[in-house]
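The file target.cif comes next; it holds mmCIF, C-alpha atoms.
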data_model
loop_
_atom_site.label_atom_id
_atom_site.label_comp_id
_atom_site.auth_asym_id
_atom_site.auth_seq_id
_atom_site.Cartn_x
_atom_site.Cartn_y
_atom_site.Cartn_z
CA MET L 265 24.21 7.61 3.91
CA THR L 266 21.62 10.19 4.91
CA ASP L 267 23.03 12.44 7.64
CA ARG L 268 21.12 12.32 10.89
CA HIS L 269 20.52 16.09 10.81
CA ASP L 270 18.71 15.92 7.47
CA LEU L 271 15.49 14.59 8.99
CA PRO L 272 13.27 16.23 11.62
CA PRO L 273 13.20 15.31 15.31
CA GLY L 274 10.74 12.54 16.06
CA PHE L 275 10.99 11.12 12.55
CA ARG L 276 9.56 7.59 12.60
CA TRP L 277 11.23 4.55 11.07
CA GLY L 278 9.28 1.46 10.11
CA VAL L 279 8.72 -1.52 7.89
CA ALA L 280 5.58 -2.56 6.02
CA THR L 281 3.81 -5.79 5.04
CA ALA L 282 0.33 -6.89 3.93
CA ALA L 283 -1.90 -9.68 5.21
CA TYR L 284 -2.37 -11.80 2.08
CA GLN L 285 1.30 -11.48 1.21
CA ILE L 286 2.63 -12.89 4.48
CA GLU L 287 -0.01 -14.47 6.73
CA GLY L 288 -0.91 -17.75 5.03
CA ALA L 289 -3.39 -19.84 7.07
CA VAL L 290 -6.11 -18.95 4.59
CA ARG L 291 -8.44 -21.74 5.76
CA GLU L 292 -7.72 -21.61 9.49
CA ASP L 293 -9.70 -20.33 12.44
CA GLY L 294 -12.79 -19.32 10.51
CA ARG L 295 -11.22 -17.07 7.89
CA GLY L 296 -13.44 -16.69 4.84
CA PRO L 297 -12.20 -16.71 1.22
CA SER L 298 -10.95 -13.46 -0.26
CA VAL L 299 -10.84 -12.39 -3.90
CA TRP L 300 -7.16 -13.33 -3.90
CA ASP L 301 -7.92 -16.90 -2.84
CA THR L 302 -10.34 -17.16 -5.75
CA PHE L 303 -8.02 -15.40 -8.21
CA THR L 304 -4.95 -17.51 -7.44
CA ALA L 305 -7.00 -20.69 -7.84
CA ARG L 306 -7.63 -19.84 -11.50
CA GLU L 307 -5.10 -21.28 -13.90
CA GLY L 308 -2.75 -18.74 -15.45
CA THR L 309 -3.43 -15.81 -13.12
CA VAL L 310 -0.23 -15.97 -11.06
CA ARG L 311 3.25 -16.85 -12.23
CA ASP L 312 3.96 -20.56 -11.79
CA GLY L 313 0.59 -21.05 -10.09
CA HIS L 314 1.80 -19.63 -6.78
CA THR L 315 -0.76 -18.76 -4.09
CA GLY L 316 -0.78 -17.06 -0.71
CA ASP L 317 -2.03 -20.20 1.03
CA THR L 318 1.10 -20.40 3.19
CA ALA L 319 3.09 -17.30 2.17
CA CYS L 320 5.48 -16.51 5.07
CA ASP L 321 3.32 -18.37 7.61
CA HIS L 322 3.23 -15.15 9.62
CA TYR L 323 -0.07 -16.25 11.18
CA HIS L 324 1.90 -18.80 13.18
CA ARG L 325 5.37 -17.21 13.15
CA TRP L 326 4.45 -13.66 14.10
CA PRO L 327 6.43 -13.74 17.39
CA GLU L 328 9.60 -14.46 15.41
CA ASP L 329 8.80 -11.64 13.01
CA VAL L 330 8.14 -9.20 15.85
CA GLY L 331 11.49 -10.28 17.27
CA LEU L 332 13.14 -9.35 13.98
CA MET L 333 11.52 -5.92 14.12
CA ARG L 334 12.71 -5.45 17.69
CA GLU L 335 16.24 -6.29 16.55
CA LEU L 336 15.87 -3.87 13.65
CA GLY L 337 14.91 -1.08 16.05
CA VAL L 338 11.90 0.26 14.14
CA ASP L 339 9.48 2.64 15.83
CA SER L 340 6.42 1.36 14.01
CA TYR L 341 5.09 -1.53 11.96
CA ARG L 342 2.65 -1.04 9.13
CA PHE L 343 0.66 -4.23 8.54
CA SER L 344 -2.79 -4.95 7.15
CA ILE L 345 -5.78 -6.62 8.74
CA ALA L 346 -7.49 -9.26 6.60
CA TRP L 347 -11.15 -8.32 6.31
CA PRO L 348 -12.17 -11.97 5.59
CA ARG L 349 -10.39 -13.09 8.75
CA VAL L 350 -12.50 -10.69 10.83
CA ARG L 351 -15.81 -10.86 8.95
CA PRO L 352 -15.64 -13.94 6.74
CA THR L 353 -18.45 -12.88 4.40
CA GLY L 354 -17.79 -9.16 4.69
CA ARG L 355 -20.87 -8.60 6.82
CA GLY L 356 -22.71 -10.28 9.66
CA PRO L 357 -21.10 -12.21 12.51
CA VAL L 358 -17.59 -11.35 13.65
CA ASN L 359 -15.03 -14.14 13.65
CA ALA L 360 -13.66 -14.02 17.18
CA ALA L 361 -10.60 -16.14 16.37
CA GLY L 362 -9.62 -13.81 13.55
CA LEU L 363 -9.83 -10.71 15.71
CA ALA L 364 -7.91 -12.51 18.45
CA PHE L 365 -4.95 -12.96 16.10
CA TYR L 366 -4.62 -9.21 15.62
CA ASP L 367 -5.18 -8.70 19.34
CA ARG L 368 -2.13 -10.87 20.04
CA LEU L 369 -0.10 -9.18 17.32
CA VAL L 370 -0.84 -5.68 18.62
CA ASP L 371 0.05 -6.68 22.16
CA GLY L 372 3.25 -8.33 20.94
CA LEU L 373 4.26 -5.20 19.06
CA LEU L 374 3.61 -2.93 22.02
CA ASP L 375 5.56 -5.25 24.30
CA ALA L 376 8.47 -4.88 21.87
CA GLY L 377 8.18 -1.07 21.91
CA ILE L 378 6.80 -0.93 18.37
CA GLU L 379 3.75 1.14 17.48
CA PRO L 380 1.15 -0.73 15.37
CA LEU L 381 -0.07 1.05 12.23
CA PRO L 382 -2.81 -1.16 10.75
CA THR L 383 -4.16 -0.80 7.22
CA LEU L 384 -7.78 -1.93 7.02
CA PHE L 385 -7.89 -2.79 3.31
CA HIS L 386 -4.91 -4.04 1.33
CA TRP L 387 -6.84 -5.60 -1.59
CA ASP L 388 -8.19 -8.78 0.07
CA LEU L 389 -11.94 -8.16 -0.24
CA PRO L 390 -14.14 -10.97 1.10
CA GLN L 391 -15.24 -13.03 -1.89
CA ALA L 392 -18.86 -12.93 -0.75
CA LEU L 393 -18.87 -9.14 -1.25
CA GLU L 394 -17.23 -9.47 -4.65
CA ASP L 395 -20.03 -11.84 -5.61
CA GLU L 396 -22.43 -8.98 -4.84
CA GLY L 397 -20.51 -6.52 -7.04
CA GLY L 398 -17.37 -5.79 -5.04
CA TRP L 399 -16.20 -2.20 -5.16
CA LEU L 400 -18.46 -1.58 -8.17
CA ALA L 401 -21.32 -1.74 -5.65
CA ARG L 402 -21.91 1.26 -3.41
CA ASP L 403 -23.00 -1.04 -0.61
CA THR L 404 -19.41 -2.30 -0.19
CA ALA L 405 -18.40 1.11 1.18
CA TYR L 406 -20.93 0.75 4.01
CA ARG L 407 -19.82 -2.79 4.78
CA PHE L 408 -16.25 -1.49 4.96
CA ALA L 409 -17.25 1.12 7.52
CA GLU L 410 -18.94 -1.54 9.64
CA TYR L 411 -15.80 -3.67 9.51
CA ALA L 412 -13.66 -0.66 10.49
CA ALA L 413 -15.89 -0.08 13.52
CA VAL L 414 -15.62 -3.73 14.60
CA VAL L 415 -11.82 -3.66 14.43
CA ALA L 416 -11.53 -0.28 16.17
CA ASP L 417 -13.84 -1.44 18.95
CA ARG L 418 -11.45 -4.32 19.63
CA LEU L 419 -8.05 -2.70 19.05
CA GLY L 420 -8.66 1.02 19.40
CA ASP L 421 -7.61 1.12 23.05
CA ARG L 422 -4.05 0.33 21.87
CA VAL L 423 -3.95 1.51 18.24
CA ARG L 424 -3.59 5.27 17.85
CA SER L 425 -3.44 5.61 14.06
CA TRP L 426 -5.15 3.79 11.21
CA ILE L 427 -4.75 3.62 7.45
CA THR L 428 -8.07 3.02 5.72
CA LEU L 429 -7.09 1.98 2.18
CA ASN L 430 -3.88 0.92 0.48
CA GLU L 431 -3.35 2.15 -3.09
CA PRO L 432 -6.95 2.44 -4.32
CA PHE L 433 -5.61 3.44 -7.76
CA VAL L 434 -3.70 0.18 -8.15
CA HIS L 435 -6.63 -1.90 -6.92
CA MET L 436 -8.99 -0.18 -9.36
CA VAL L 437 -6.68 -0.41 -12.38
CA TYR L 438 -5.13 -3.84 -11.90
CA GLY L 439 -8.11 -5.48 -10.23
CA TYR L 440 -11.07 -4.02 -12.12
CA ALA L 441 -9.81 -2.29 -15.29
CA LEU L 442 -7.04 -4.56 -16.59
CA GLY L 443 -7.54 -7.83 -14.72
CA ASN L 444 -3.90 -8.40 -13.72
CA HIS L 445 -4.87 -8.66 -10.04
CA ALA L 446 -7.86 -9.99 -8.13
CA PRO L 447 -10.75 -9.90 -8.76
CA GLY L 448 -9.58 -10.08 -12.37
CA ARG L 449 -12.16 -7.89 -14.09
CA THR L 450 -11.34 -6.16 -17.40
CA LEU L 451 -13.69 -3.19 -17.44
CA LEU L 452 -11.27 -0.47 -18.61
CA LEU L 453 -12.87 2.95 -17.96
CA ASP L 454 -16.06 1.33 -16.74
CA ALA L 455 -14.07 0.55 -13.60
CA LEU L 456 -14.10 4.22 -12.52
CA PRO L 457 -16.99 3.80 -10.04
CA VAL L 458 -14.54 1.61 -8.08
CA ALA L 459 -12.53 4.76 -7.38
CA HIS L 460 -15.49 6.55 -5.86
CA HIS L 461 -16.77 3.62 -3.84
CA GLN L 462 -13.34 3.00 -2.33
CA LEU L 463 -13.05 6.67 -1.41
CA LEU L 464 -16.57 6.68 -0.01
CA GLY L 465 -15.59 3.66 2.06
CA HIS L 466 -12.58 5.62 3.28
CA GLY L 467 -14.77 8.55 4.33
CA LEU L 468 -17.32 6.37 6.10
CA ALA L 469 -14.63 4.33 7.85
CA ALA L 470 -12.73 7.48 8.85
CA ALA L 471 -15.82 8.73 10.68
CA GLU L 472 -16.07 5.45 12.60
CA LEU L 473 -12.38 5.50 13.51
CA ARG L 474 -12.48 9.12 14.68
CA ALA L 475 -15.58 8.44 16.75
CA ARG L 476 -13.44 5.93 18.63
CA GLY L 477 -10.55 8.33 19.16
CA GLY L 478 -8.28 7.21 16.30
CA SER L 479 -6.30 9.31 13.86
CA VAL L 480 -6.74 8.51 10.17
CA LEU L 481 -4.56 8.26 7.09
CA ILE L 482 -5.09 6.95 3.58
CA THR L 483 -2.22 5.51 1.54
CA ASN L 484 -2.00 6.35 -2.16
CA ASN L 485 0.46 5.01 -4.70
CA LEU L 486 1.76 8.18 -6.35
CA THR L 487 4.13 8.86 -9.21
CA PRO L 488 5.67 12.02 -10.64
CA VAL L 489 4.47 12.17 -14.24
CA ARG L 490 6.91 13.36 -16.88
CA PRO L 491 6.00 14.18 -20.50
CA ALA L 492 8.25 12.49 -23.06
CA SER L 493 8.78 15.86 -24.78
CA ALA L 494 7.59 19.46 -24.71
CA SER L 495 5.14 18.84 -27.56
CA ALA L 496 1.51 19.80 -26.98
CA GLY L 497 0.44 16.19 -27.46
CA ASP L 498 2.86 14.81 -24.88
CA LEU L 499 2.03 17.56 -22.39
CA ALA L 500 -1.71 16.89 -22.71
CA ALA L 501 -1.14 13.14 -22.38
CA ALA L 502 0.97 13.61 -19.24
CA ASP L 503 -1.71 15.82 -17.72
CA ALA L 504 -4.35 13.18 -18.43
CA TYR L 505 -2.28 10.44 -16.83
CA ASP L 506 -1.48 12.60 -13.79
CA THR L 507 -5.21 13.20 -13.40
CA LEU L 508 -6.01 9.49 -13.47
CA HIS L 509 -3.15 8.18 -11.32
CA ASN L 510 -2.59 10.97 -8.81
CA ARG L 511 -5.37 13.55 -8.74
CA LEU L 512 -8.33 11.16 -8.96
CA PHE L 513 -7.44 9.85 -5.50
CA ASN L 514 -5.88 12.97 -3.93
CA ASP L 515 -8.22 15.77 -5.01
CA PRO L 516 -11.43 14.37 -3.46
CA VAL L 517 -9.70 13.68 -0.14
CA LEU L 518 -7.72 16.92 0.06
CA LEU L 519 -9.86 19.39 -1.92
CA GLY L 520 -13.35 17.90 -1.75
CA ARG L 521 -13.79 17.58 -5.51
CA TYR L 522 -12.90 15.31 -8.38
CA PRO L 523 -10.50 16.57 -11.06
CA ASP L 524 -11.65 17.24 -14.62
CA LEU L 525 -12.01 13.83 -16.26
CA SER L 526 -13.22 15.11 -19.62
CA ALA L 527 -10.09 13.76 -21.34
CA PHE L 528 -11.53 10.31 -20.58
CA GLY L 529 -15.08 11.20 -21.61
CA VAL L 530 -16.20 10.79 -18.01
CA PRO L 531 -18.60 13.26 -16.31
CA ALA L 532 -17.79 14.83 -12.96
CA ASP L 533 -20.16 12.48 -11.11
CA LEU L 534 -18.34 9.42 -12.52
CA GLY L 535 -21.41 8.25 -14.36
CA GLY L 536 -23.80 8.76 -11.46
CA ALA L 537 -21.64 7.14 -8.76
CA VAL L 538 -21.21 10.41 -6.83
CA ARG L 539 -24.21 11.38 -4.71
CA ASP L 540 -25.01 14.41 -2.58
CA GLY L 541 -22.97 14.46 0.59
CA ASP L 542 -20.39 11.92 -0.58
CA LEU L 543 -17.56 14.38 -1.12
CA ALA L 544 -18.07 15.99 2.29
CA LEU L 545 -17.53 12.57 3.86
CA ILE L 546 -14.52 11.81 1.70
CA ALA L 547 -12.91 15.19 2.38
CA ALA L 548 -13.06 15.10 6.17
CA PRO L 549 -9.61 16.33 7.27
CA LEU L 550 -6.89 13.70 7.34
CA ASP L 551 -4.32 13.33 10.08
CA GLY L 552 -1.77 12.28 7.49
CA LEU L 553 -1.29 11.18 3.90
CA GLY L 554 0.50 7.91 3.25
CA VAL L 555 2.61 7.95 0.08
CA ASN L 556 3.91 4.84 -1.62
CA TYR L 557 6.67 5.64 -4.12
CA TYR L 558 8.54 3.33 -6.45
CA ASN L 559 9.31 5.21 -9.69
CA PRO L 560 8.30 8.09 -11.98
CA THR L 561 6.18 7.57 -15.09
CA LEU L 562 7.13 8.82 -18.56
CA ILE L 563 4.11 9.57 -20.74
CA THR L 564 3.69 10.24 -24.44
CA ALA L 565 0.76 11.01 -26.72
CA PRO L 566 -1.25 7.91 -27.65
CA THR L 567 -0.61 6.23 -30.99
CA ASP L 568 -3.98 4.48 -31.21
CA PRO L 569 -7.51 5.29 -30.01
CA GLY L 570 -8.54 4.42 -26.49
CA LEU L 571 -6.82 6.03 -23.53
CA PRO L 572 -5.55 9.62 -23.98
CA PHE L 573 -1.96 8.68 -23.09
CA ALA L 574 0.68 6.00 -23.56
CA ASP L 575 3.60 5.16 -21.33
CA ALA L 576 7.20 5.17 -22.50
CA PRO L 577 10.31 3.53 -21.01
CA ILE L 578 12.64 5.62 -18.86
CA GLU L 579 16.07 5.03 -20.39
CA GLY L 580 19.57 5.36 -19.01
CA VAL L 581 18.83 4.40 -15.39
CA PRO L 582 19.34 1.18 -13.40
CA ARG L 583 16.44 -1.23 -13.02
CA THR L 584 15.27 -3.52 -10.25
CA ALA L 585 14.60 -7.21 -10.77
CA PHE L 586 11.00 -6.20 -11.43
CA GLY L 587 12.20 -4.03 -14.30
CA TRP L 588 11.22 -0.84 -12.50
CA PRO L 589 13.47 2.19 -13.16
CA VAL L 590 15.50 3.38 -10.19
CA VAL L 591 15.04 7.16 -10.01
CA PRO L 592 15.58 8.32 -6.41
CA ASP L 593 15.05 12.00 -7.17
CA GLY L 594 11.55 11.12 -8.28
CA LEU L 595 10.64 10.89 -4.59
CA ARG L 596 11.80 14.46 -3.97
CA GLU L 597 10.04 15.58 -7.15
CA LEU L 598 6.82 13.87 -6.07
CA LEU L 599 6.81 15.30 -2.55
CA ALA L 600 7.71 18.80 -3.69
CA GLY L 601 4.93 18.58 -6.29
CA LEU L 602 2.37 17.60 -3.67
CA HIS L 603 3.49 20.50 -1.49
CA GLU L 604 3.16 22.93 -4.40
CA ARG L 605 -0.18 21.59 -5.66
CA TYR L 606 -2.05 21.26 -2.36
CA GLY L 607 -0.37 23.80 -0.10
CA ALA L 608 -2.08 24.12 3.26
CA ALA L 609 -4.52 21.33 2.30
CA LEU L 610 -1.69 18.78 2.37
CA PRO L 611 -1.50 17.06 5.76
CA PRO L 612 1.76 15.64 7.15
CA VAL L 613 3.14 12.96 4.84
CA THR L 614 4.46 9.53 5.75
CA ILE L 615 6.28 7.37 3.20
CA THR L 616 4.31 4.19 3.83
CA GLU L 617 6.13 2.13 1.18
CA ASN L 618 9.41 2.42 -0.64
CA GLY L 619 11.61 -0.50 -1.60
CA CYS L 620 12.94 -2.74 -4.32
CA SER L 621 13.18 -6.30 -5.55
CA TYR L 622 16.55 -7.79 -6.39
CA PRO L 623 17.70 -11.34 -7.08
CA GLU L 624 17.91 -13.83 -4.24
CA ASN L 625 21.12 -13.14 -2.37
CA LEU L 626 22.33 -11.90 0.99
CA ASP L 627 25.05 -9.56 -0.33
CA ASP L 628 22.52 -6.81 -0.67
CA GLN L 629 24.44 -3.80 -1.95
CA ASP L 630 21.88 -2.90 -4.66
CA ARG L 631 19.10 -2.71 -2.08
CA ILE L 632 21.24 -0.68 0.30
CA ALA L 633 22.11 1.77 -2.48
CA TYR L 634 18.44 2.02 -3.45
CA LEU L 635 17.23 2.75 0.07
CA SER L 636 20.06 5.14 0.88
CA SER L 637 19.56 7.20 -2.28
CA HIS L 638 15.82 7.42 -1.75
CA LEU L 639 16.32 8.58 1.83
CA ASP L 640 18.64 11.28 0.52
CA ALA L 641 15.85 12.35 -1.86
CA LEU L 642 13.38 12.35 1.03
CA ALA L 643 15.72 14.55 3.07
CA ALA L 644 15.98 16.94 0.11
CA ALA L 645 12.17 17.22 0.04
CA VAL L 646 12.14 17.98 3.76
CA ALA L 647 14.71 20.71 3.12
CA GLN L 648 12.30 22.15 0.53
CA GLY L 649 9.63 22.48 3.21
CA VAL L 650 7.63 19.25 2.88
CA ASP L 651 6.36 17.97 6.25
CA VAL L 652 7.41 14.29 6.19
CA ARG L 653 6.96 12.43 9.46
CA GLY L 654 8.19 8.90 8.74
CA TYR L 655 9.52 6.25 6.36
CA PHE L 656 8.46 2.60 6.04
CA THR L 657 10.51 0.39 3.78
CA TRP L 658 8.82 -2.32 1.75
CA SER L 659 9.25 -4.89 3.04
CA LEU L 660 10.31 -6.62 6.24
CA LEU L 661 10.10 -10.04 4.57
CA ASP L 662 10.27 -11.59 1.15
CA ASN L 663 6.63 -12.39 0.42
CA PHE L 664 3.91 -13.29 -2.06
CA GLU L 665 4.23 -10.52 -4.63
CA TRP L 666 0.74 -10.71 -6.15
CA ALA L 667 0.74 -11.81 -9.82
CA GLU L 668 4.51 -12.43 -9.63
CA GLY L 669 4.08 -15.03 -6.88
CA TYR L 670 7.34 -15.66 -5.02
CA HIS L 671 9.63 -14.49 -7.80
CA GLN L 672 10.19 -10.91 -6.60
CA ARG L 673 12.09 -10.48 -3.35
CA PHE L 674 11.57 -7.16 -1.57
CA GLY L 675 12.59 -8.20 1.94
CA LEU L 676 15.19 -6.91 4.32
CA VAL L 677 14.87 -10.51 5.51
CA HIS L 678 15.31 -13.42 3.13
CA VAL L 679 12.64 -16.11 3.44
CA ASP L 680 13.20 -19.70 2.34
CA PHE L 681 9.64 -20.55 1.34
CA GLU L 682 10.30 -24.30 1.63
CA THR L 683 11.48 -24.17 5.25
CA GLN L 684 10.21 -20.71 6.32
CA LYS L 685 13.69 -19.91 7.64
CA ARG L 686 14.27 -16.16 7.99
CA THR L 687 17.76 -14.79 7.31
CA PRO L 688 18.44 -11.05 7.62
CA ARG L 689 20.17 -9.58 4.61
CA ALA L 690 22.94 -7.00 4.65
CA SER L 691 20.27 -4.33 4.11
CA PHE L 692 18.69 -5.35 7.41
CA THR L 693 21.95 -4.56 9.24
CA TRP L 694 22.35 -1.32 7.29
CA TYR L 695 18.81 -0.18 8.11
CA ARG L 696 19.26 -1.14 11.77
CA ASP L 697 22.42 0.95 11.98
CA LEU L 698 20.79 3.87 10.15
CA ILE L 699 17.87 3.91 12.58
CA ALA L 700 20.25 3.79 15.55
CA ALA L 701 22.25 6.70 14.12
CA HIS L 702 19.13 8.86 13.97
CA ARG L 703 18.29 8.41 17.64
#

Could you write out this file's structure as structure tokens?
Amino acid sequence: MTDRHDLPPGFRWGVATAAYQIEGAVREDGRGPSVWDTFTAREGTVRDGHTGDTACDHYHRWPEDVGLMRELGVDSYRFSIAWPRVRPTGRGPVNAAGLAFYDRLVDGLLDAGIEPLPTLFHWDLPQALEDEGGWLARDTAYRFAEYAAVVADRLGDRVRSWITLNEPFVHMVYGYALGNHAPGRTLLLDALPVAHHQLLGHGLAAAELRARGGSVLITNNLTPVRPASASAGDLAAADAYDTLHNRLFNDPVLLGRYPDLSAFGVPADLGGAVRDGDLALIAAPLDGLGVNYYNPTLITAPTDPGLPFADAPIEGVPRTAFGWPVVPDGLRELLAGLHERYGAALPPVTITENGCSYPENLDDQDRIAYLSSHLDALAAAVAQGVDVRGYFTWSLLDNFEWAEGYHQRFGLVHVDFETQKRTPRASFTWYRDLIAAHR
């Protein structure tokens, strides 16, 4: 177990969830349809035809879930606000009942001594905006900023910190390039304007949040990229993948410029998406960088035309139920690499997601070992000089795991999706005791 002296004073402990994955109540109280409602209704998009219609029924059971967090002893709760619950068509009238839900949740968290850390966009774009182009359309960035202002006007007297976007890389690639996630487009490299419009939305929303006294983070899914060998081809391929996955979403925010995308045949303005003044908005100083880490990526030279890289399996390590390699030191490697690459431009880091899926059981030793080893890696990064302020495990609850439906269980708390009964796993007790030991 990580020793209490390995992490800095004031280190924050939390858990994370996302609206579409836990809330349910997709047709209640004026909520509009999201791209995920549309996507899951299509045959063959989600394993076994699962949807988020009910999920964990958190919309109705949130007091019980806040009670679990109180028992766990976390300092903070990272959740997401459903844009279509607040502005059902993405623009226009505000849905008072939707905002009132988050009002109650924030008050309930504060009453329990838990700081709310809302994420404004965790992939559930209002379908009406997708019908107008979604994140391929520049206008969506401006609608996002309006939505951020509406939410901050209502909750900003009690919410100190905000996360604008969750994992814009994953949303661009899975949602718009490959079609594995909503909205299900298969545009390949033609999806790159989605990167810029999400980041522009971040910059515009950040200005609105700061104008209302909030501090601002963005959460990126990051991975340490390893070449399969020292050959020139593998090294070039690894650099190309690192550029696409990591630097495309970090460099504009931290350095005010896009990385060289010539390996993809893409000009610096992403085909005309970047306009004068955009990067200044995007690069307004952050109060923190959220990092989601799950595993490293092994890259080799491509064997056929198309992308300038290919991925390769990481051998000789354990795997989660999702098939993801378990490489705890990858977290230290990633954080140390960020510190080296960005130097003084790197703001304080918070691990906003880290966790694992294992088969349905309550004897949770694999999950405990996973979390403990990753916290040891985090402590090693802190010892190397990386300013890490907190850790949020994914997730509080078993939930709707996107295209995998209810087949992947990431929760410290087991959920019986037939009865909605919550049962804390052994990892819940372990995490509770760990948090208590660090106080």

Item to complete: Let me know the residues the PyMOL selection byres ((chain L and resi 319) around 8) catches in the file above, as a PyMOL selection string.
Response: chain L and resi 284-288+315-318+320-322+663-664+681

Worksheet item: Using the chain letters and numbers from the file, which residues does the PyMOL selection byres ((chain L and resi 653-661) around 7) grab, as a list in words?
Response: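 Selection result, ordered by chain and number: Phe275, Arg276, Trp277, Gly278, Val279, Ala280, Thr281, Pro612, Val613, Thr614, Ile615, Thr616, Glu617, Asn618, Gly619, Asp651, Val652, Asp662, Asn663, Phe674, Gly675, Leu676, Val677, His678 and Val679 of chain L.
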
Could you save the residues just selected, with C-alpha atoms, as an mmCIF file, keeping the file's coordinate frame?
data_model
loop_
_atom_site.group_PDB
_atom_site.id
_atom_site.type_symbol
_atom_site.label_atom_id
_atom_site.label_comp_id
_atom_site.auth_asym_id
_atom_site.auth_seq_id
_atom_site.Cartn_x
_atom_site.Cartn_y
_atom_site.Cartn_z
ATOM 1 C CA PHE L 275 10.990 11.120 12.550
ATOM 2 C CA ARG L 276 9.560 7.590 12.600
ATOM 3 C CA TRP L 277 11.230 4.550 11.070
ATOM 4 C CA GLY L 278 9.280 1.460 10.110
ATOM 5 C CA VAL L 279 8.720 -1.520 7.890
ATOM 6 C CA ALA L 280 5.580 -2.560 6.020
ATOM 7 C CA THR L 281 3.810 -5.790 5.040
ATOM 8 C CA PRO L 612 1.760 15.640 7.150
ATOM 9 C CA VAL L 613 3.140 12.960 4.840
ATOM 10 C CA THR L 614 4.460 9.530 5.750
ATOM 11 C CA ILE L 615 6.280 7.370 3.200
ATOM 12 C CA THR L 616 4.310 4.190 3.830
ATOM 13 C CA GLU L 617 6.130 2.130 1.180
ATOM 14 C CA ASN L 618 9.410 2.420 -0.640
ATOM 15 C CA GLY L 619 11.610 -0.500 -1.600
ATOM 16 C CA ASP L 651 6.360 17.970 6.250
ATOM 17 C CA VAL L 652 7.410 14.290 6.190
ATOM 18 C CA ASP L 662 10.270 -11.590 1.150
ATOM 19 C CA ASN L 663 6.630 -12.390 0.420
ATOM 20 C CA PHE L 674 11.570 -7.160 -1.570
ATOM 21 C CA GLY L 675 12.590 -8.200 1.940
ATOM 22 C CA LEU L 676 15.190 -6.910 4.320
ATOM 23 C CA VAL L 677 14.870 -10.510 5.510
ATOM 24 C CA HIS L 678 15.310 -13.420 3.130
ATOM 25 C CA VAL L 679 12.640 -16.110 3.440
#

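Picture a line from atom CA of L:Ala527 to atom CA of L:Ala504; it runs 6.5 Å.
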
Discussion item. Please enumerate the residues selected by the PyMOL selection byres ((chain L and resi 515) around 12) when evaluated against the supplied file, formatted as a PyMOL selection string.
Written reply: chain L and resi 460+463+484+506-514+516-524+543+546-547+602+605-606+609-610

Worksheet entry | Protein/DNA/RNA residues near (-9.2, -2.3, 17.1), cut 12 Å, all atoms listed in the file, as a PyMOL selection string | chain L and resi 345+350+363-371+380-384+411-426+472-473+476-478

Response to the item:
With distances taken over all atoms listed in the file, the candidate from L:Gln672, L:Thr404, L:Ser637, L:Ser526 nearest L:Arg311 is L:Gln672

Discussion item. From the options L:Met333, L:Ala576, L:Leu429, L:Ala565, which residue's atoms come nearest to L:His461, counting only C-alpha atoms?
Written reply: L:Leu429
